[in-house]
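One structure below.
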Amino acid sequence: MSTRNLDKLLRPKSVVAIGASARAGSVGAAVTANLLGGGFAGEIHLVNARGGEIAARRVHRRLSGLPTPADLAVIMTPPATVPDLIQELGAMGTRAAVIITAGPGTGADATELNRRWRQDILDQARPHLLRVVGPNCIGFAAPRIGLNAGFGPPGVKPGPIAAIAQSGAVLAALADWGAAQGVGFSTMVSMGDMADVDFGDVLDALARDTETRAVLMYVEAITQARKFMSAARGIARLKPVIVLKAGRHAAAATAAISHTGSMAGSAAVYDAAFARAGLVRVAGLGELFDAAETLGYGLRPRTERLAILTNGGGVGIVATDLLLDQGGEMAAVAPATIARLDATLPRAWSRGNPVDIVGDADPARYVAALAALAEDKEVGAVLAMNVPTALTPPLDVARAIAESAASRAVPVLGCWIGGPSAAAGRDALHRAGIPAFDTPLRAVRGFSHVVQYRRGQRALMRTPPSIPERPRDIERVRAIVRAAAEEGRRLLTEPEAKAVLAAYGIATVPTETARDPEEAGVIAARLGGPVALKILSRDIAHKSDVGGVALDLLGERAVREAARAMADKARRLAPTARLDGFVVQPMVKRADAVELILGAAEDPVFGPVVMVGHGGVAAEVIDDKALALPPLDPVLAEEALSRTRVERLLRGYRGRAPADRAAVGEVLVRLSDLIAETDEIAELDINPLLVDAAGVIALDARIVLGAAIRGERAARFAIRPYPIELVQEIDHRGRKLAVRPIRPEDEPLLQEFGRRLSPEDIRLRFFGPLRELSHEMAARLTQIDFDREMAFLLFDGAELLGIVRLAADPGFEQAEFALIVASDRQRHGYGALLLRHAVDYARARSIKRVIGHVLRENDRMLHLAERVGFVRVSTQSGGDVRVEIATGAA
């Protein structure tokens with residue numbers, strides 16, 4: 001349902017507290033006090049079966065006594081009452097509820113009892129489209145409108161940060177810390193058990209909230225991974241999202257499961273998912289607070305390079321080390337800046353970065369040095385550090401920096417180290433809107449979070465290279481999978497697995513099968529040279545575990561004897577396994593090759609995950625791997641490879657030529673395509689994949705099948721793969737045209753297309769002039785979320801004729817279109833063809849309406865839309881006309 005009716009939660013005009021109380025120490029009393037004391041200007045109604053008054057306000061005995069239905073309800077009554085209350089609220093017209101009450105279950109049956117209770121709540125809510133936050137949460141706060149509908153700390157300051165957490169304790173700690181530090185919040189949501197409203201819903205809502213500049217998240221488990229990834233990728237392009245994931249280790253993950261009632265996936269998969277979405281992950285509450293500090297005060301570095309200004313050389317060096325440890329970059333102070341500092345600082349200053357202005361530095365010296373650094377364009381931000389001395393009170397230095405013009409010319413963050421006197425300095429910086437920390441580590445981390453966000457966004461917008469159409473024989477793969485399924489097998493044999501890889505253009509070692517030792521010997525004699533012999537069994541996954549691999553065998557007799565011994569050992573170690581024969585392969589001798597392992601597996605939360613790492617027999621022991629969420633392109637594949645230790649060997653060393661990294665990336669991309677187009681593949685390993693300067697070759701492979709997924713292809717993917725099924729030919733007035741979804745590597749094509757458009761066509765399409773399609777804009781237009789967006793390109797041969805785009809709302813109620821046809825290819829019916837194609841696609845995705853906003857003077861577009869079936873709905877105040885068509889989708 002996503003953001004439907006969430007406005008009634010985030011911006012309610014009236015609230016009802018059900019279970020309101022004045023009894024000291026009760027949850028009802030705490031929530032009632034927060035509601036009445038927060039300064040909320042809307043109506044507040046109180047309900048309790050006992051009636052009476054609280055703070056001179058009438059307490060209604062039942063909901064039917066309310067004069068009007070409230071936008072938002074806060075429920076604190078016993079569990080058995082909650083489903084009926086939700087039904088009554090929905091019937092009255094209330095469209096959002098925060099359920100603080102925890103489930104009724106205790107003991108061994110708690111999980112199932114609580115699940116049924118939550119489902120009962122949802123069954124009562126859904127007919128009325130009533131949105132539910134919780135249950136089992138501490139409530140919700142919107143400080144900017146004076147609303148505190150929970151039992152967290154009172155007096156939360158309004159500000160630009162949103163905080164959402166599955167743990168009420170973490171949210172309460174953030175609120176209390178913010179009050180002490182002067183950091184304010186736009187929204188605070190305690191997610192609880194997430195029976196209805198989940199992280200994806202809240203992120204979607206916050207993405208459109210202009211008063212929220214950054215988001216802090218505490219996550220124990222994600223539900224509905226695809227919705228979450230779409231929402232997270234969308235909001236992260238607009239504002240920083242910092243996430244703390246609890247349950248990184250097995251014991252903690254078990255606690256997280258019992259606390260939230262959700263299954264948690266592996267920590268490494270969560271890391272891969274957050275990185276793919278562009279979120280910045282932190283390791284603990286301290287880091288989360290540090291991120292809140294820099295983001296809450298709106299630190300916006302000019303570049304990613306930091307200058308350190310300090311009155312203590314030692315602490316400056318410590319801060320430098322910490323910055324470099326975290327992958328940060330020190331600013332190279334320009335010669336002109338050095339000269340200016342020479343003119344104002346004592347001879348003993350450091351003449352570099354860190355800028356050590358010596359222990360007797362007074363406020364004037366700090367301000368002069370800061371002014372010089374502010375004019376240096378290489379400096380992205382300044383970390384001003386102060387250690388207390390008997391010469392100058394830290395408070396005086398803080399006030400001088402806060403009042404200086406330089407602190408407004410360059411972003412500044414402070415680090416005042418010490419006890420009470422340093423704390424007074426930090427308070428002065430906070431009052432001036434400057435983030436201030438008590439240790440170098442916290443200050444550097446706070447800066448690093450902003451830099452990591454910027455780097456992550458830049459990395460995600462890199463344009464992948466255009467690569468040739470990848471060969472694939474889908475029908476061959478399906479035939480192999482179907483044959484195995486008909487035999488009731490989940491494990492493909494090695495020859496079958498290699499045939500699957502070969503069907504997707506992945507080089508494999510030539511492989512022949514033999515029914516018995518004698519045939520294996522004959523094959524070896526024909527191949528000549530040393531061979532590898534392996535057991536062939538549909539039941540044995542790891543051949544080396546049963547002695548099922550022999551290498552460097554030379555000659556027919558050696559192979560025959562090895563085969564007999566291998567079969568005897570396999571029967572002893574795996575007595576129930578069916579032995580189908582042997583596999584014979586020529587030995588591959590590539591002395592400089594590096595062994596990698598590549599694979600794919602199914603995560604219970606995020607679906608398919610692709611892996612690359614150090615391969616060979618000791619792969620599990622070495623434990624060097626990186627995970628990535630498919631679909632992949634060459635840029636994403638290279639990024640995954642770069643996160644492994646083994647990639648250093650691929651660079652070449654001691655006379656060894658660099659290996660073909662691009663070939664490894666291509667195999668990763670092909671594996672991504674394979675699992676996207678073959679839903680039955682549950683696990684896949686290539687181990688080893690040899691890689692050297694000459695390329696790659698797979699020596700062994702294992703594929704495990706699962707049940708086929710019905711419905712949408714690749715529905716189990718957290719990120720919808722490229723919809724290759726939408727590539728098609730269209731007959732148009734006797735010509736064969738091609739239409740396909742846009743690809744990330746289309747950026748150069750899009751920029752060239754933009755240069756073919758007339759200035760007037762650009763103005764009509766983009767509602768204003770546009771000199772050039774920048775990389776950032778082109779990346780956003782080509783790297784789309786195929787689950788919520790679509791862009792179809794129409795071609796005549798290699799010539800791009802036009803583009804139509806659709807952007808659906810998170811609930812898929814409607815999608816907005818945008819259309820452009822090449823200026824020199826108009827009046828040929830291409831626009832109507834593309835627009836009808838987009839409406840047909842929306843209908844197939846069950847999107848109910850397609851709308852568009854057209855400048856009122858764009859007569860040709862308005863007439864085209866009407867020919868396709870759109871109607872003019874309204875004229876907007878900004879000078880555009882809204883057109884709309886119902887798709888007829890249910």
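Order determines the names: the first chain of the structure tokens is A, the second B, and so forth; residues in each chain are numbered 1 upward, and ligands are numbered 1 upward as they are shown.
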
Selection: 6 Å around range 90-107 of chain A, only C-alpha atoms, excl. self and same-chain fewer than 4 positions, as JSON, numbers by chain: {"A": [8, 9, 69, 70, 71, 72, 73, 74, 75, 76, 79, 113, 114, 128, 130, 131, 132, 133, 134, 135, 136, 137, 138]}

Close residues, Ala663 in chain A itself excluded, 10 Å, only C-alpha atoms, min 5 positions apart in chain, as a PyMOL selection string: chain A and resi 506+634+668-669+691-697

Spatial neighbours of Glu595 in chain A, 9 Å, only C-alpha atoms, chain gap at least 3 places, as a list in words: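 With the cut-off at 9 Å, the set is Gly613, His614, Gly615, Gly616, Asn687, Pro688, Leu689, Leu690 and Val691 of chain A.
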
Go ahead and write the residues just picked, N, CA and C atoms, as a PDB file, in the first residue's frame.
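Ended up saving to part16.pdb:
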```
ATOM      1  N   GLY A 613      35.080 -14.187  -4.908  1.00  0.00           N
ATOM      2  CA  GLY A 613      36.090 -14.221  -3.864  1.00  0.00           C
ATOM      3  C   GLY A 613      37.248 -15.123  -4.236  1.00  0.00           C
ATOM      4  N   HIS A 614      38.098 -15.383  -3.234  1.00  0.00           N
ATOM      5  CA  HIS A 614      39.269 -16.241  -3.407  1.00  0.00           C
ATOM      6  C   HIS A 614      38.789 -17.680  -3.497  1.00  0.00           C
ATOM      7  N   GLY A 615      39.127 -18.375  -4.574  1.00  0.00           N
ATOM      8  CA  GLY A 615      38.609 -19.713  -4.810  1.00  0.00           C
ATOM      9  C   GLY A 615      39.600 -20.807  -4.494  1.00  0.00           C
ATOM     10  N   GLY A 616      39.269 -21.997  -4.954  1.00  0.00           N
ATOM     11  CA  GLY A 616      40.095 -23.159  -4.706  1.00  0.00           C
ATOM     12  C   GLY A 616      39.553 -23.991  -3.565  1.00  0.00           C
ATOM     13  N   ASN A 687      33.895 -22.956  -9.069  1.00  0.00           N
ATOM     14  CA  ASN A 687      35.079 -23.012  -8.220  1.00  0.00           C
ATOM     15  C   ASN A 687      35.964 -24.175  -8.640  1.00  0.00           C
ATOM     16  N   PRO A 688      37.125 -23.857  -9.203  1.00  0.00           N
ATOM     17  CA  PRO A 688      37.644 -22.515  -9.400  1.00  0.00           C
ATOM     18  C   PRO A 688      37.313 -21.950 -10.782  1.00  0.00           C
ATOM     19  N   LEU A 689      37.335 -20.632 -10.832  1.00  0.00           N
ATOM     20  CA  LEU A 689      37.382 -19.907 -12.099  1.00  0.00           C
ATOM     21  C   LEU A 689      38.805 -19.391 -12.232  1.00  0.00           C
ATOM     22  N   LEU A 690      39.547 -19.908 -13.212  1.00  0.00           N
ATOM     23  CA  LEU A 690      40.916 -19.446 -13.416  1.00  0.00           C
ATOM     24  C   LEU A 690      40.896 -18.140 -14.189  1.00  0.00           C
ATOM     25  N   VAL A 691      41.718 -17.178 -13.745  1.00  0.00           N
ATOM     26  CA  VAL A 691      41.809 -15.906 -14.441  1.00  0.00           C
ATOM     27  C   VAL A 691      43.276 -15.497 -14.532  1.00  0.00           C
TER      28      VAL A 691
END
```

DSSP-assigned strand (DSSP E or B) members of range 551-664 of chain A, reported as a ChimeraX atom specification: /A:551-553,581-586,594-603,607-614,625-628

Contact residues around Val583 in chain A with only C-alpha atoms at 7 Å, ignoring same-chain residues under 5 positions, as a PyMOL selection string: chain A and resi 511-514+533-536

For CA of Arg408 in chain A and CA of Ile145 in chain A, the interatomic separation in Å (one decimal): 29.1 Å

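For Arg755 in chain A, the non-local neighbours within 12 Å, defined as residues at least 2 positions apart in the same chain or in other chains and counting only C-alpha atoms, are Pro748, Leu749, Leu750, Gln751, Glu752, Phe753, Leu757, Ser758, Pro759, Asp761, Ile762, Leu770, Arg771, Glu772, Leu773, Ser774, Ala822, Ser823 and Asp824 of chain A.
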
Give me a file of those residues, with C-alpha atoms, as a PDB file, in the first residue's frame.
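again09.pdb written:
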```pdb
ATOM      1  CA  PRO A 748      25.876   8.590 -24.387  1.00  0.00           C
ATOM      2  CA  LEU A 749      22.952   7.728 -26.676  1.00  0.00           C
ATOM      3  CA  LEU A 750      20.636   9.899 -24.585  1.00  0.00           C
ATOM      4  CA  GLN A 751      23.053  12.820 -24.611  1.00  0.00           C
ATOM      5  CA  GLU A 752      23.412  12.596 -28.393  1.00  0.00           C
ATOM      6  CA  PHE A 753      19.633  12.454 -28.740  1.00  0.00           C
ATOM      7  CA  LEU A 757      16.314  18.359 -30.085  1.00  0.00           C
ATOM      8  CA  SER A 758      15.327  21.917 -30.885  1.00  0.00           C
ATOM      9  CA  PRO A 759      15.388  24.481 -28.045  1.00  0.00           C
ATOM     10  CA  ASP A 761      11.116  20.926 -27.982  1.00  0.00           C
ATOM     11  CA  ILE A 762      13.441  20.919 -24.961  1.00  0.00           C
ATOM     12  CA  LEU A 770      18.354  23.061 -20.941  1.00  0.00           C
ATOM     13  CA  ARG A 771      21.730  23.666 -22.555  1.00  0.00           C
ATOM     14  CA  GLU A 772      23.191  20.194 -22.095  1.00  0.00           C
ATOM     15  CA  LEU A 773      22.135  16.903 -20.551  1.00  0.00           C
ATOM     16  CA  SER A 774      24.708  16.604 -17.749  1.00  0.00           C
ATOM     17  CA  ALA A 822      13.313  13.646 -32.128  1.00  0.00           C
ATOM     18  CA  SER A 823      12.678  17.086 -33.618  1.00  0.00           C
ATOM     19  CA  ASP A 824      13.433  15.885 -37.152  1.00  0.00           C
TER      20      ASP A 824
END
```

Length of the CA of Gly419 in chain A to CA of Gly446 in chain A vector [Å]: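 Computing it gives 20.5 Å between the two atoms.
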
Leaving out Ile161 in chain A and any residue of its chain fewer than 5 positions from it, which residues lie within 9 Å of it when counting only C-alpha atoms, given as a compact mmCIF listing (two decimals) with all heavy atoms, in the first residue's frame?
```txt
# COMPACT_ATOMS: atom_id res chain seq x y z
N VAL A 183 20.15 19.13 18.78
CA VAL A 183 19.83 18.57 17.46
C VAL A 183 18.33 18.28 17.41
O VAL A 183 17.79 17.62 18.30
CB VAL A 183 20.64 17.29 17.19
CG1 VAL A 183 20.18 16.62 15.90
CG2 VAL A 183 22.13 17.61 17.12
N GLY A 184 17.67 18.75 16.37
CA GLY A 184 16.23 18.58 16.27
C GLY A 184 15.82 17.58 15.22
O GLY A 184 16.61 17.18 14.36
N PHE A 185 14.57 17.17 15.28
CA PHE A 185 14.05 16.13 14.40
C PHE A 185 12.78 16.60 13.71
O PHE A 185 11.94 17.29 14.30
CB PHE A 185 13.77 14.86 15.20
CG PHE A 185 15.00 14.24 15.79
CD1 PHE A 185 15.44 14.59 17.06
CD2 PHE A 185 15.75 13.32 15.07
CE1 PHE A 185 16.58 14.04 17.61
CE2 PHE A 185 16.90 12.76 15.61
CZ PHE A 185 17.31 13.12 16.88
N SER A 186 12.62 16.20 12.46
CA SER A 186 11.38 16.48 11.73
C SER A 186 10.32 15.43 12.03
O SER A 186 9.14 15.74 12.17
CB SER A 186 11.66 16.50 10.22
OG SER A 186 12.13 15.23 9.78
N THR A 187 10.76 14.19 12.15
CA THR A 187 9.85 13.05 12.36
C THR A 187 10.58 11.98 13.16
O THR A 187 11.77 11.75 12.93
CB THR A 187 9.40 12.45 11.01
OG1 THR A 187 8.84 13.47 10.20
CG2 THR A 187 8.38 11.34 11.21
N MET A 188 9.88 11.33 14.06
CA MET A 188 10.44 10.18 14.78
C MET A 188 9.38 9.09 14.79
O MET A 188 8.28 9.29 15.31
CB MET A 188 10.83 10.55 16.21
CG MET A 188 11.83 11.70 16.32
SD MET A 188 12.57 11.88 17.96
CE MET A 188 13.92 10.71 17.86
N GLU A 211 11.12 19.24 4.42
CA GLU A 211 11.67 19.69 5.70
C GLU A 211 12.61 18.66 6.32
O GLU A 211 13.23 18.92 7.34
CB GLU A 211 10.54 20.01 6.67
CG GLU A 211 9.68 21.20 6.23
CD GLU A 211 8.61 21.51 7.26
OE1 GLU A 211 8.88 21.35 8.46
OE2 GLU A 211 7.52 21.92 6.85
N THR A 212 12.71 17.49 5.70
CA THR A 212 13.65 16.46 6.17
C THR A 212 14.87 16.47 5.27
O THR A 212 14.77 16.21 4.08
CB THR A 212 12.99 15.07 6.16
OG1 THR A 212 11.93 15.04 7.11
CG2 THR A 212 13.99 13.98 6.51
N ARG A 213 16.05 16.76 5.86
CA ARG A 213 17.28 16.82 5.07
C ARG A 213 18.09 15.54 5.15
O ARG A 213 18.96 15.30 4.31
CB ARG A 213 18.15 17.99 5.54
CG ARG A 213 17.60 19.36 5.19
CD ARG A 213 18.71 20.39 5.09
NE ARG A 213 19.52 20.45 6.30
CZ ARG A 213 19.46 21.44 7.19
NH1 ARG A 213 18.62 22.44 6.99
NH2 ARG A 213 20.23 21.43 8.25
N ALA A 214 17.85 14.72 6.16
CA ALA A 214 18.59 13.48 6.33
C ALA A 214 17.76 12.52 7.16
O ALA A 214 16.84 12.94 7.88
CB ALA A 214 19.94 13.74 6.99
N VAL A 215 18.10 11.22 7.08
CA VAL A 215 17.34 10.18 7.77
C VAL A 215 18.30 9.28 8.53
O VAL A 215 19.33 8.86 7.99
CB VAL A 215 16.50 9.34 6.78
CG1 VAL A 215 15.73 8.26 7.52
CG2 VAL A 215 15.56 10.22 5.98
N LEU A 216 17.96 8.99 9.79
CA LEU A 216 18.68 8.01 10.59
C LEU A 216 17.78 6.79 10.77
O LEU A 216 16.59 6.93 11.07
CB LEU A 216 19.05 8.57 11.97
CG LEU A 216 19.86 9.86 12.00
CD1 LEU A 216 20.09 10.28 13.45
CD2 LEU A 216 21.19 9.69 11.29
N ALA A 292 24.13 12.04 13.28
CA ALA A 292 23.06 12.99 13.57
C ALA A 292 23.61 14.39 13.82
O ALA A 292 23.01 15.40 13.43
CB ALA A 292 22.27 12.52 14.79
N LEU A 295 24.83 15.87 10.29
CA LEU A 295 23.69 16.06 9.40
C LEU A 295 22.69 17.04 10.01
O LEU A 295 22.07 17.85 9.29
CB LEU A 295 23.02 14.72 9.13
CG LEU A 295 23.89 13.68 8.41
CD1 LEU A 295 23.18 12.34 8.36
CD2 LEU A 295 24.25 14.15 7.01
N GLY A 296 22.50 16.96 11.32
CA GLY A 296 21.53 17.83 11.97
C GLY A 296 21.90 19.30 11.87
O GLY A 296 21.03 20.17 11.79
```

Spatial neighbours of Pro471 in chain A, max dist 10 Å, only C-alpha atoms, sep filter under 4 positions, as a PyMOL selection string: chain A and resi 502-506+670

How would the residues just picked look written out with N, CA, C and O atoms as a PDB file, in the first residue's frame?
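Listed below is the output, selection37.pdb:
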```pdb
ATOM      1  N   ALA A 502      27.939 -22.609 -20.345  1.00  0.00           N
ATOM      2  CA  ALA A 502      28.296 -22.404 -21.748  1.00  0.00           C
ATOM      3  C   ALA A 502      27.158 -21.755 -22.521  1.00  0.00           C
ATOM      4  O   ALA A 502      27.386 -20.963 -23.444  1.00  0.00           O
ATOM      5  N   ALA A 503      25.924 -22.067 -22.139  1.00  0.00           N
ATOM      6  CA  ALA A 503      24.769 -21.469 -22.819  1.00  0.00           C
ATOM      7  C   ALA A 503      24.717 -19.966 -22.609  1.00  0.00           C
ATOM      8  O   ALA A 503      24.060 -19.248 -23.373  1.00  0.00           O
ATOM      9  N   TYR A 504      25.385 -19.479 -21.585  1.00  0.00           N
ATOM     10  CA  TYR A 504      25.448 -18.044 -21.328  1.00  0.00           C
ATOM     11  C   TYR A 504      26.822 -17.456 -21.641  1.00  0.00           C
ATOM     12  O   TYR A 504      27.183 -16.396 -21.146  1.00  0.00           O
ATOM     13  N   GLY A 505      27.589 -18.172 -22.466  1.00  0.00           N
ATOM     14  CA  GLY A 505      28.846 -17.631 -22.960  1.00  0.00           C
ATOM     15  C   GLY A 505      29.978 -17.633 -21.968  1.00  0.00           C
ATOM     16  O   GLY A 505      30.953 -16.898 -22.138  1.00  0.00           O
ATOM     17  N   ILE A 506      29.896 -18.452 -20.917  1.00  0.00           N
ATOM     18  CA  ILE A 506      30.979 -18.542 -19.926  1.00  0.00           C
ATOM     19  C   ILE A 506      31.887 -19.697 -20.325  1.00  0.00           C
ATOM     20  O   ILE A 506      31.434 -20.840 -20.453  1.00  0.00           O
ATOM     21  N   ARG A 670      27.098 -12.131 -16.504  1.00  0.00           N
ATOM     22  CA  ARG A 670      26.388 -13.252 -17.145  1.00  0.00           C
ATOM     23  C   ARG A 670      25.698 -14.137 -16.095  1.00  0.00           C
ATOM     24  O   ARG A 670      24.597 -14.633 -16.329  1.00  0.00           O
TER      25      ARG A 670
END
```

Atom-to-atom span, CA of Arg426 in chain A and CA of Ala384 in chain A, Å: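 If I compute the distance from CA of Arg426 in chain A to CA of Ala384 in chain A, I get 11.3 Å.
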
Best match for closeness to Arg472 in chain A among A:Arg442, A:Asp673, A:Arg458, A:Leu492, counting only C-alpha atoms: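 Nearest to Arg472 in chain A: A:Asp673.
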
Counting only C-alpha atoms, the residue of A:Tyr366, A:Phe870, A:Tyr653, A:Tyr722 that sits nearest Ala406 in chain A: A:Tyr366

Of the listed residues A:Leu89, A:Ala331, A:Leu395, A:Val170, that which approaches Leu129 in chain A most closely, counting only C-alpha atoms: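 Between A:Leu89, A:Ala331, A:Leu395, A:Val170, the residue approaching Leu129 in chain A most closely is A:Leu89.
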